[in-house]
Structure formats: C-alpha cells, structure tokens
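Everything below concerns the one structure shown next.
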Amino acid sequence: MATVSGGELVARMLKGENVSAIFTLSGLHVAPIYAGCVDQGIQVIDTRHEQGAAHAADAYARLTRGIGVAVVTAGPGVTDAVTGVANAFAANSPLLLIGGAAPTFNAGKGSLQEIEQVDLFLRITKWADRVPSTQAIPAYLARAFRVALSGRPGPVFLEIPFDQLVNAVEAAEAPLPTGYRTRARSPGDGAFIAEAAAKLDGAERPAVIAGSSIWFDDAAEPLRVLVERAGLPVYLNGAGRGSLPPGHPNFFQHTRKEALVSADVALVVGTPLDFRLGYGSPETFAPQATLIQVDGDATEIGRNRRVDVGIVGDSRSVLDQLGRAVTAKPRVELLRALRAREREKADKLVPLMQSDQTPLHHFRVAREISEAAKRAGDSMFIADGGNYVAMAAKVIEVPGPGRWLDPGPLGCLGVGAPFGLAAKTLYPQRTVFVIQGDGSFGLNGFDFETAVRFKLPMVIVVGNDAAWGQIRLPQLGMFGEDHSPGTLLAPTRYDKVVEAFGGRGEHIDDPSKLAGALDRAVASGTVSCIDVALDPQAPLTSGAMGYAL
C-alpha cells in the first residue's frame, strides 16, 4: 500500500488550505516539511531570522484572510519566532507556527536545541500543542486551521518532533480530513440591530470608527452602503484604512478626535477600545454619548467603557443588517461642517508637505511617497516605524482595502521587510512601498537580502534621523540630554546596505530630488532603498508626535 511521510502530510494539509507559500529559516528538524512542500508546489521562502519568517506569515494571513504559515527549527528557531507570534496575537492574525523538535525517543535526554516549547506560547496563541504521532498530523493541523480562523482570528503553535516528520505511515492510517471548519458568517441579534438602527436614526451628531475587521470580514462594501444611506462620517484605523477611497464624501481623516468627542452616537466596528481610542475615555467619547460596539468577540464588547448596544457578529453581516435597518438621512449639514474643519486642518499641513527645508520634513516625504504611489498605479504601503510612520499616516492616501499594513496594536518594529516579502509573493504586480524608520530597519533589514534573492522588488523609503526619534524626543523633554542614553544611532547609509545585498539605493538630502528618486526606484524592477535625511525636530515643531493607528 502507499505510504506517506509526516512532512508530506503537513504539506498536503497546507495545500488543502490553499497555502501557496511558507516562510522559514532552514533547519534539519523541519526539513521533511520542505521536501513535502516542494512535491506539493508550495513555495518555500527562507528568511534571515525566524522573527522575520513569523512576521511574513502574519502578513500573508492578513492579506489572504486565510492561514499564514511559518516553519522554524527547534530551540532558538522557535524562540526567535516568539515576537512575531505575539504581534500576530495582538493583531488577531491567523498565523500557524510549526516548530521542530528533537526525536521523541530522545525527549528529555538533552538533545541539541531541546527546550520546553509549547508552554512558551500558551499566553500568546489561541492554541498550542505537541503532535503525538505521525498519524495524528492531519487531525492536529485541521484543528489548528479551525481554531486560528474561527471567531476572533489568531495564531496557533504546533510542535512536531523530527521522527514524526520523517517517518512514513500507510496513507490509510492518516487520512486527510475534510469539512473540518465552517465558513459561515455570524449576523447580529435582530433586536440589537433594530435598537442600534433606532439610535443612529435619532442621532444629531453620529460618527463611525471602523478598524481591521472591516478588511478581514470583507466588509468595505456594506460599510459604504451604511454610511452613505445614513449620512454618517467614518474614520478608519488599522487594516480598515482604504475601506473607503480617498475623496469619498463620508470619509474623514483629520477630524477624528473632535468628531468622536462631540458625537451623541458613536458606532465602533471591529476595533477595540484600546490605547488607539483612548480606552473609551471621556477625552475620546463624551460621557453622555451613546456607544454602539460591533465585534466578533463578545468579550471585547464593553472593555474599558460602558456600551449601550453591543452587537456580536462579523462586521460584514452586521453592517449589512444595519444598512438595511437605518432610515435614509443625508445629514448634509453635519458632513459639510466636518468637511470644512477637515479642509482647515489639512490646509495647515500643506506648507509642511511642500517644505523645501533640509533635512527633509516628514510630511514632505510622506506627500512625495503618496504621489509616487499614484503615478505607479497599483500600489500598497507597509508601515514600520515611529514618528515617521505616524506622520506619514496623516498624509498618505490609501487607494483601497488591503493596501495598508502596519504592525498592529503591539507596536512591534521590524515588520517592514517581512511584510514586504509576503505582499510581493502574493501580489507580484503591485508596487510595494515600505515606509521604514532607521531604527526599525535594524531589526529585520537583512530580509531585504531575502527580497533580492527571491526577486521580490519593492521600494523602501528609510526616514533617517539617526535616532529612535519617538523615544528620544519625549525622553529629552522629561530628563534632558545628559539623562537620555540609548536613543541615538549612527548616521548609517541604509541605501548602501541594500546595495550590498544586490539591490539599488539612493541617498536624498534635497527635497527637490525625492520625486525623481522614487520614480526611479519604482521603475528599477528590483529592491530599491531611498535613504532620506529627516529633520529630527520635525515631530516637535509640527506638533505631530504620536503612534500610527
């Protein structure tokens, strides 16, 4: 009878979940999985650090709305990936990390790279376990897919010892399960939908804040229908950016704080009441405001603040229900007043976006990136940095859903190159702009070599202020120059680093030359890094310090 190895079983299960690529750093503990992936036509992309492999799998999961897979060797391979898993956990990303382990017959004897691995992940995954046998591999993977993708998505970890991967079993002893998870959506309770619709109908100053689940639940269209029908102003954060196109009459970007704090009814969809929304505090939402919260996880509703109507369900279903339940209201005056304030605030940024100062102002760099993306056509953005990214987010126009990736609420630096790997693997036709801080470059910048090696062109724009600017500026204010160690970096030429990897680079310290450099990078067809000299004081002088949302 036909036999199949454990590594082949892993690959066949991944193929059944439409996984087209895995991310890894080579290790013999997991080599049988590589062989299985080759046989199944699954691309194996090897990074320069396991943290990068986990980040890339996280981005793959976000962009496909499916499972992303990282495969790492035992011991330090697994521990190197912990940060990437933690970031995926905070971002509700369905990442599967498969960790190798010593053969079971040597367990506990002190094998090379042997540590207790499963316990490392119990607090930062939805499920972590050890596969007990080769025959059990398909069933354990089926559960991993089901857990990662059900309800509020999130990462899972499976440890598979080497002998279970290399051993062969009769195919009949390890059948590949089917129908092991549902793709059914979760509509909201009809009574709660009706109550929420009535409150929105009666509102004088409503506002909507919509987050990452708008992307993951494919809810951009029902969001548009709802806000257009009810005349609601909407603000977007996280992966929700781009759900409404730039210029849409109901989309606002610069007036969020005043709109939310003055709203009598606020609809919060698929984004937690965490630090990005002031924990639901009176400084963000007026104490007397009616709060409607929509989330797929009931435990998230009411966290940090009282909620008047809490609707449990996926964003697409609930927004579709609300769109049909609300009364059509143009709310012309509300939108007109907000648009006027929006223009006032945007106009204040114009001198900075057009500034010819040197070193360059962050807003000027962001405007040039946004315009270059328009010229390039089919583009997306990856955000990896502190003040530079926070300020760029105020300027860059995201052209559509799924075109903006940032670390998420953990605020994990180092996602730039790994996220770029996943984006270009999935969408080779897109121009990928990596908005990269000089500090964050140092975490996983070696994976730009991976991008060169796999011929995955992207445009990296390093904002170089030779400092951990988002930390240094407030630290100087609190403690002074003499008590602010650990915040300065060498004035490194990151374009030269990428050139050493086989890519191309340019250094820009003249704002008039940035547009041309960006166009050359887009046209180069390779990994291209533009190192831009940034004004380290710009976040202070423009009052724009803060984390990107």
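By order in the structure tokens, chains are A, B, ...; within a chain, residues start at 1; ligands start at 1, following the order shown.
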Could you pull out the alpha helix (DSSP H) residues of region 320-409 of chain A, going by DSSP on the backbone, and write them as JSON, numbers by chain? {"A": [320, 321, 322, 323, 324, 325, 332, 333, 334, 335, 336, 337, 338, 339, 340, 341, 342, 343, 344, 345, 346, 347, 348, 349, 350, 351, 352, 353, 362, 363, 364, 365, 366, 367, 368, 369, 370, 371, 372, 373, 374, 375, 376, 387, 388, 389, 390, 391, 392]}
Interface rows for region 45-164 of chain A against region 27-40 of chain A: nearest pair, Å to one decimal, 6 Å, only C-alpha atoms, as a tab-separated table:
residue	atom	partner	partner_atom	distance
A:Thr73	CA	A:Gly27	CA	4.9
A:Gly100	CA	A:His29	CA	5.1
A:Phe162	CA	A:His29	CA	5.2
Item checked: Shortest interatomic distance to Ala266 (chain A) - which of A:Gly211, A:Gly386, A:Gly439, A:Pro233, counting only C-alpha atoms ->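 When distances to Ala266 (chain A) are compared using only C-alpha atoms, the smallest one comes from A:Pro233.
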All strand (DSSP E) positions in region 153-298 of chain A, as a ChimeraX atom specification:
/A:156-161,168-170,206-210,234-236,265-269,290-295
Check: Within 10 Å of Phe216 (chain A), counting only C-alpha atoms, which residues qualify if same-chain residues fewer than 4 places away don't, as a VMD selection string?
Finding: chain A and resid 61 to 66 92 to 93 153 211 to 212 220 239 to 240 270 314 to 316 401 to 402
Those same residues - N, CA, C and O atoms - I'd like them written as a CSV table (one decimal), in the first residue's frame.
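Okay, result.csv is ready:
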chain,number,residue,atom,x,y,z
A,61,ALA,N,-1.2,36.0,6.2
A,61,ALA,CA,-2.5,35.7,6.7
A,61,ALA,C,-3.5,36.9,6.6
A,61,ALA,O,-4.6,36.8,6.2
A,62,ARG,N,-3.0,38.1,6.9
A,62,ARG,CA,-3.8,39.3,6.8
A,62,ARG,C,-4.2,39.5,5.4
A,62,ARG,O,-5.4,39.9,5.1
A,63,LEU,N,-3.3,39.4,4.4
A,63,LEU,CA,-3.6,39.7,3.0
A,63,LEU,C,-4.5,38.7,2.4
A,63,LEU,O,-5.3,39.1,1.5
A,64,THR,N,-4.4,37.5,2.8
A,64,THR,CA,-5.3,36.4,2.2
A,64,THR,C,-6.6,36.2,2.9
A,64,THR,O,-7.5,35.5,2.4
A,65,ARG,N,-6.7,36.8,4.1
A,65,ARG,CA,-7.8,36.5,5.0
A,65,ARG,C,-7.8,35.0,5.3
A,65,ARG,O,-8.9,34.4,5.5
A,66,GLY,N,-6.7,34.3,5.3
A,66,GLY,CA,-6.6,32.9,5.5
A,66,GLY,C,-5.4,32.6,6.4
A,66,GLY,O,-5.0,33.4,7.1
A,92,ASN,N,-4.8,39.9,15.9
A,92,ASN,CA,-5.8,38.9,15.6
A,92,ASN,C,-5.5,38.3,14.2
A,92,ASN,O,-6.4,38.2,13.3
A,93,SER,N,-4.3,37.9,14.0
A,93,SER,CA,-3.9,37.4,12.7
A,93,SER,C,-3.8,35.9,12.8
A,93,SER,O,-3.0,35.4,13.6
A,153,PRO,N,-9.9,35.8,14.9
A,153,PRO,CA,-8.8,35.0,14.4
A,153,PRO,C,-7.5,35.2,15.3
A,153,PRO,O,-7.4,36.2,16.1
A,211,GLY,N,-12.4,49.5,12.1
A,211,GLY,CA,-11.0,49.1,12.2
A,211,GLY,C,-10.7,47.8,11.3
A,211,GLY,O,-11.3,47.6,10.3
A,212,SER,N,-9.8,47.0,11.8
A,212,SER,CA,-9.2,46.0,11.0
A,212,SER,C,-10.2,44.9,10.5
A,212,SER,O,-10.0,44.3,9.5
A,220,ALA,N,-16.0,46.2,3.4
A,220,ALA,CA,-15.9,47.5,2.9
A,220,ALA,C,-17.1,48.0,2.2
A,220,ALA,O,-17.6,49.1,2.4
A,239,ALA,N,-6.0,48.0,9.6
A,239,ALA,CA,-6.2,47.4,8.3
A,239,ALA,C,-7.5,47.9,7.7
A,239,ALA,O,-7.8,47.6,6.5
A,240,GLY,N,-8.3,48.7,8.4
A,240,GLY,CA,-9.5,49.3,7.8
A,240,GLY,C,-9.2,50.4,6.9
A,240,GLY,O,-10.1,50.8,6.1
A,270,GLY,N,-15.4,46.7,14.9
A,270,GLY,CA,-14.2,45.9,14.7
A,270,GLY,C,-12.9,46.5,15.1
A,270,GLY,O,-11.8,46.1,14.5
A,314,ASP,N,-19.9,39.2,12.8
A,314,ASP,CA,-18.9,39.6,11.9
A,314,ASP,C,-19.3,40.9,11.3
A,314,ASP,O,-20.5,41.2,11.1
A,315,SER,N,-18.3,41.7,11.0
A,315,SER,CA,-18.5,43.1,10.5
A,315,SER,C,-19.4,43.2,9.2
A,315,SER,O,-20.2,44.0,9.1
A,316,ARG,N,-19.1,42.3,8.3
A,316,ARG,CA,-19.8,42.3,7.1
A,316,ARG,C,-21.3,42.0,7.3
A,316,ARG,O,-22.2,42.8,6.8
A,401,PRO,N,-9.0,48.8,0.0
A,401,PRO,CA,-8.9,47.9,1.1
A,401,PRO,C,-7.7,46.9,0.9
A,401,PRO,O,-7.3,46.6,-0.2
A,402,GLY,N,-7.0,46.6,2.0
A,402,GLY,CA,-5.9,45.7,2.0
A,402,GLY,C,-4.7,46.3,1.4
A,402,GLY,O,-3.7,45.6,1.0
Please list as a list of chain:residue names every residue within 9 Å of Leu410 (chain A), counting only C-alpha atoms and excluding residues in the same chain fewer than 4 positions away.
A:Ala86, A:Asn87, A:Ala88, A:Phe89, A:Ala90, A:Ala91
Output all heavy atoms for every residue in that selection, as a tab-separated table (two decimals), in the first residue's frame.
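Output file result_18.tsv is given in full below:
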chain	number	residue	atom	x	y	z
A	86	ALA	N	3.61	36.89	18.98
A	86	ALA	CA	2.97	37.85	19.88
A	86	ALA	C	2.34	39.00	19.11
A	86	ALA	O	1.24	39.46	19.43
A	86	ALA	CB	3.99	38.39	20.89
A	87	ASN	N	3.03	39.47	18.07
A	87	ASN	CA	2.48	40.54	17.26
A	87	ASN	C	1.22	40.09	16.53
A	87	ASN	O	0.22	40.82	16.45
A	87	ASN	CB	3.51	41.02	16.24
A	87	ASN	CG	3.12	42.31	15.57
A	87	ASN	OD1	3.02	43.35	16.20
A	87	ASN	ND2	2.86	42.25	14.27
A	88	ALA	N	1.23	38.86	16.01
A	88	ALA	CA	0.05	38.32	15.34
A	88	ALA	C	-1.10	38.14	16.32
A	88	ALA	O	-2.27	38.36	15.97
A	88	ALA	CB	0.40	36.98	14.68
A	89	PHE	N	-0.80	37.78	17.54
A	89	PHE	CA	-1.84	37.61	18.56
A	89	PHE	C	-2.53	38.93	18.85
A	89	PHE	O	-3.76	39.02	18.92
A	89	PHE	CB	-1.22	37.03	19.84
A	89	PHE	CG	-2.21	36.69	20.91
A	89	PHE	CD1	-3.10	35.63	20.76
A	89	PHE	CD2	-2.25	37.42	22.10
A	89	PHE	CE1	-4.01	35.31	21.75
A	89	PHE	CE2	-3.15	37.10	23.09
A	89	PHE	CZ	-4.04	36.05	22.92
A	90	ALA	N	-1.72	39.99	19.01
A	90	ALA	CA	-2.30	41.31	19.28
A	90	ALA	C	-3.11	41.82	18.10
A	90	ALA	O	-4.09	42.54	18.27
A	90	ALA	CB	-1.19	42.30	19.63
A	91	ALA	N	-2.72	41.42	16.88
A	91	ALA	CA	-3.38	41.90	15.66
A	91	ALA	C	-4.49	40.96	15.19
A	91	ALA	O	-5.07	41.19	14.13
A	91	ALA	CB	-2.36	42.08	14.55
Using only C-alpha atoms, the best pick from A:Arg276, A:Leu518, A:Met391, A:Leu540 as closest to Met353 (chain A) would be A:Met391
(Q) For a test of reading the model, state the distance in Å between CA of Ile67 (chain A) and CA of Ser150 (chain A), rounded to one decimal. (A)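 So the two atoms, CA of Ile67 (chain A) and CA of Ser150 (chain A), lie 11.1 Å apart.
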What lies within 6 Å of region 286-301 of chain A using only C-alpha atoms, ignoring chain neighbours under 5 positions off, as an NGL selection string? :A and (152 or 261 or 264-270 or 307-314)
Closest of A:Gly179, A:Pro155, A:Pro351, A:Gly52 to Gly68 (chain A), counting only C-alpha atoms, is A:Pro155
### Task
Mind checking which residues fall within 12 Å of Arg520 (chain A), counting only C-alpha atoms, ignoring those fewer than 2 positions away in the same chain, and posting them as a PyMOL selection string?
chain A and resi 372+375-376+458-459+504-506+513-518+522-530
Let's have the selection written as a PDB file, in the first residue's frame, with N, CA, C and O atoms.
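Once written, out-v5.pdb looks like this:
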ATOM      1  N   ALA A 372       3.989  59.427  -5.564  1.00  0.00           N
ATOM      2  CA  ALA A 372       4.692  58.417  -6.355  1.00  0.00           C
ATOM      3  C   ALA A 372       3.848  57.155  -6.495  1.00  0.00           C
ATOM      4  O   ALA A 372       3.846  56.510  -7.555  1.00  0.00           O
ATOM      5  N   ARG A 375       1.357  57.683  -9.191  1.00  0.00           N
ATOM      6  CA  ARG A 375       1.980  57.576 -10.514  1.00  0.00           C
ATOM      7  C   ARG A 375       2.263  56.115 -10.862  1.00  0.00           C
ATOM      8  O   ARG A 375       2.152  55.710 -12.025  1.00  0.00           O
ATOM      9  N   ALA A 376       2.596  55.330  -9.844  1.00  0.00           N
ATOM     10  CA  ALA A 376       2.923  53.918 -10.090  1.00  0.00           C
ATOM     11  C   ALA A 376       1.686  53.099 -10.410  1.00  0.00           C
ATOM     12  O   ALA A 376       1.772  52.067 -11.072  1.00  0.00           O
ATOM     13  N   MET A 458      10.724  45.885  -4.353  1.00  0.00           N
ATOM     14  CA  MET A 458       9.931  46.789  -3.508  1.00  0.00           C
ATOM     15  C   MET A 458      10.705  48.082  -3.337  1.00  0.00           C
ATOM     16  O   MET A 458      11.911  48.144  -3.591  1.00  0.00           O
ATOM     17  N   VAL A 459       9.998  49.109  -2.924  1.00  0.00           N
ATOM     18  CA  VAL A 459      10.599  50.428  -2.719  1.00  0.00           C
ATOM     19  C   VAL A 459      10.632  50.706  -1.226  1.00  0.00           C
ATOM     20  O   VAL A 459       9.584  50.782  -0.575  1.00  0.00           O
ATOM     21  N   ARG A 504      19.456  48.202  -5.126  1.00  0.00           N
ATOM     22  CA  ARG A 504      19.950  49.513  -5.531  1.00  0.00           C
ATOM     23  C   ARG A 504      19.567  50.529  -4.470  1.00  0.00           C
ATOM     24  O   ARG A 504      18.652  50.292  -3.673  1.00  0.00           O
ATOM     25  N   GLY A 505      20.259  51.661  -4.453  1.00  0.00           N
ATOM     26  CA  GLY A 505      19.960  52.661  -3.447  1.00  0.00           C
ATOM     27  C   GLY A 505      20.303  54.062  -3.894  1.00  0.00           C
ATOM     28  O   GLY A 505      21.104  54.266  -4.815  1.00  0.00           O
ATOM     29  N   GLU A 506      19.670  55.022  -3.227  1.00  0.00           N
ATOM     30  CA  GLU A 506      19.988  56.441  -3.398  1.00  0.00           C
ATOM     31  C   GLU A 506      19.869  57.113  -2.041  1.00  0.00           C
ATOM     32  O   GLU A 506      19.043  56.716  -1.209  1.00  0.00           O
ATOM     33  N   LYS A 513      14.751  66.480  -5.114  1.00  0.00           N
ATOM     34  CA  LYS A 513      15.225  65.291  -5.830  1.00  0.00           C
ATOM     35  C   LYS A 513      14.502  64.013  -5.409  1.00  0.00           C
ATOM     36  O   LYS A 513      14.767  62.944  -5.971  1.00  0.00           O
ATOM     37  N   LEU A 514      13.586  64.114  -4.443  1.00  0.00           N
ATOM     38  CA  LEU A 514      12.959  62.904  -3.920  1.00  0.00           C
ATOM     39  C   LEU A 514      11.987  62.283  -4.915  1.00  0.00           C
ATOM     40  O   LEU A 514      11.958  61.054  -5.082  1.00  0.00           O
ATOM     41  N   ALA A 515      11.176  63.081  -5.585  1.00  0.00           N
ATOM     42  CA  ALA A 515      10.200  62.544  -6.528  1.00  0.00           C
ATOM     43  C   ALA A 515      10.881  61.716  -7.612  1.00  0.00           C
ATOM     44  O   ALA A 515      10.437  60.603  -7.946  1.00  0.00           O
ATOM     45  N   GLY A 516      11.956  62.237  -8.162  1.00  0.00           N
ATOM     46  CA  GLY A 516      12.681  61.513  -9.200  1.00  0.00           C
ATOM     47  C   GLY A 516      13.260  60.215  -8.677  1.00  0.00           C
ATOM     48  O   GLY A 516      13.235  59.182  -9.362  1.00  0.00           O
ATOM     49  N   ALA A 517      13.787  60.253  -7.453  1.00  0.00           N
ATOM     50  CA  ALA A 517      14.359  59.045  -6.860  1.00  0.00           C
ATOM     51  C   ALA A 517      13.283  57.976  -6.658  1.00  0.00           C
ATOM     52  O   ALA A 517      13.525  56.790  -6.909  1.00  0.00           O
ATOM     53  N   LEU A 518      12.103  58.390  -6.244  1.00  0.00           N
ATOM     54  CA  LEU A 518      11.004  57.442  -6.055  1.00  0.00           C
ATOM     55  C   LEU A 518      10.587  56.815  -7.377  1.00  0.00           C
ATOM     56  O   LEU A 518      10.368  55.593  -7.465  1.00  0.00           O
ATOM     57  N   VAL A 522      10.744  52.830  -8.397  1.00  0.00           N
ATOM     58  CA  VAL A 522       9.593  52.072  -8.898  1.00  0.00           C
ATOM     59  C   VAL A 522       9.951  51.393 -10.219  1.00  0.00           C
ATOM     60  O   VAL A 522       9.606  50.223 -10.456  1.00  0.00           O
ATOM     61  N   ALA A 523      10.645  52.112 -11.091  1.00  0.00           N
ATOM     62  CA  ALA A 523      10.963  51.595 -12.425  1.00  0.00           C
ATOM     63  C   ALA A 523      12.105  50.596 -12.420  1.00  0.00           C
ATOM     64  O   ALA A 523      12.315  49.899 -13.422  1.00  0.00           O
ATOM     65  N   SER A 524      12.836  50.500 -11.313  1.00  0.00           N
ATOM     66  CA  SER A 524      14.058  49.697 -11.300  1.00  0.00           C
ATOM     67  C   SER A 524      13.808  48.200 -11.428  1.00  0.00           C
ATOM     68  O   SER A 524      14.675  47.465 -11.901  1.00  0.00           O
ATOM     69  N   GLY A 525      12.652  47.734 -10.976  1.00  0.00           N
ATOM     70  CA  GLY A 525      12.363  46.311 -11.032  1.00  0.00           C
ATOM     71  C   GLY A 525      13.157  45.483 -10.056  1.00  0.00           C
ATOM     72  O   GLY A 525      13.269  44.262 -10.210  1.00  0.00           O
ATOM     73  N   THR A 526      13.708  46.123  -9.032  1.00  0.00           N
ATOM     74  CA  THR A 526      14.460  45.390  -8.026  1.00  0.00           C
ATOM     75  C   THR A 526      14.171  45.981  -6.653  1.00  0.00           C
ATOM     76  O   THR A 526      13.323  46.864  -6.511  1.00  0.00           O
ATOM     77  N   VAL A 527      14.849  45.480  -5.651  1.00  0.00           N
ATOM     78  CA  VAL A 527      14.712  46.027  -4.302  1.00  0.00           C
ATOM     79  C   VAL A 527      15.499  47.327  -4.255  1.00  0.00           C
ATOM     80  O   VAL A 527      16.722  47.334  -4.465  1.00  0.00           O
ATOM     81  N   SER A 528      14.813  48.408  -4.005  1.00  0.00           N
ATOM     82  CA  SER A 528      15.434  49.732  -4.106  1.00  0.00           C
ATOM     83  C   SER A 528      15.197  50.507  -2.819  1.00  0.00           C
ATOM     84  O   SER A 528      14.063  50.644  -2.368  1.00  0.00           O
ATOM     85  N   CYS A 529      16.273  51.008  -2.242  1.00  0.00           N
ATOM     86  CA  CYS A 529      16.198  51.739  -0.970  1.00  0.00           C
ATOM     87  C   CYS A 529      16.574  53.202  -1.172  1.00  0.00           C
ATOM     88  O   CYS A 529      17.638  53.511  -1.709  1.00  0.00           O
ATOM     89  N   ILE A 530      15.683  54.077  -0.725  1.00  0.00           N
ATOM     90  CA  ILE A 530      15.959  55.513  -0.731  1.00  0.00           C
ATOM     91  C   ILE A 530      16.157  55.934   0.724  1.00  0.00           C
ATOM     92  O   ILE A 530      15.234  55.858   1.542  1.00  0.00           O
TER      93      ILE A 530
END
From CA of Leu158 (chain A) to CA of Leu97 (chain A) the spacing works out at 6.4 Å
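Straight-line separation from CA of Asn167 (chain A) to CA of Arg130 (chain A): 16.4 Å.
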What's around Pro474 (chain A) at 12 Å? Count only C-alpha atoms, leave out sequence neighbours fewer than 6 positions away in its own chain, and write the answer as a PyMOL selection string. chain A and resi 387+468+480-481+483-484+487+537+539-540+545-546
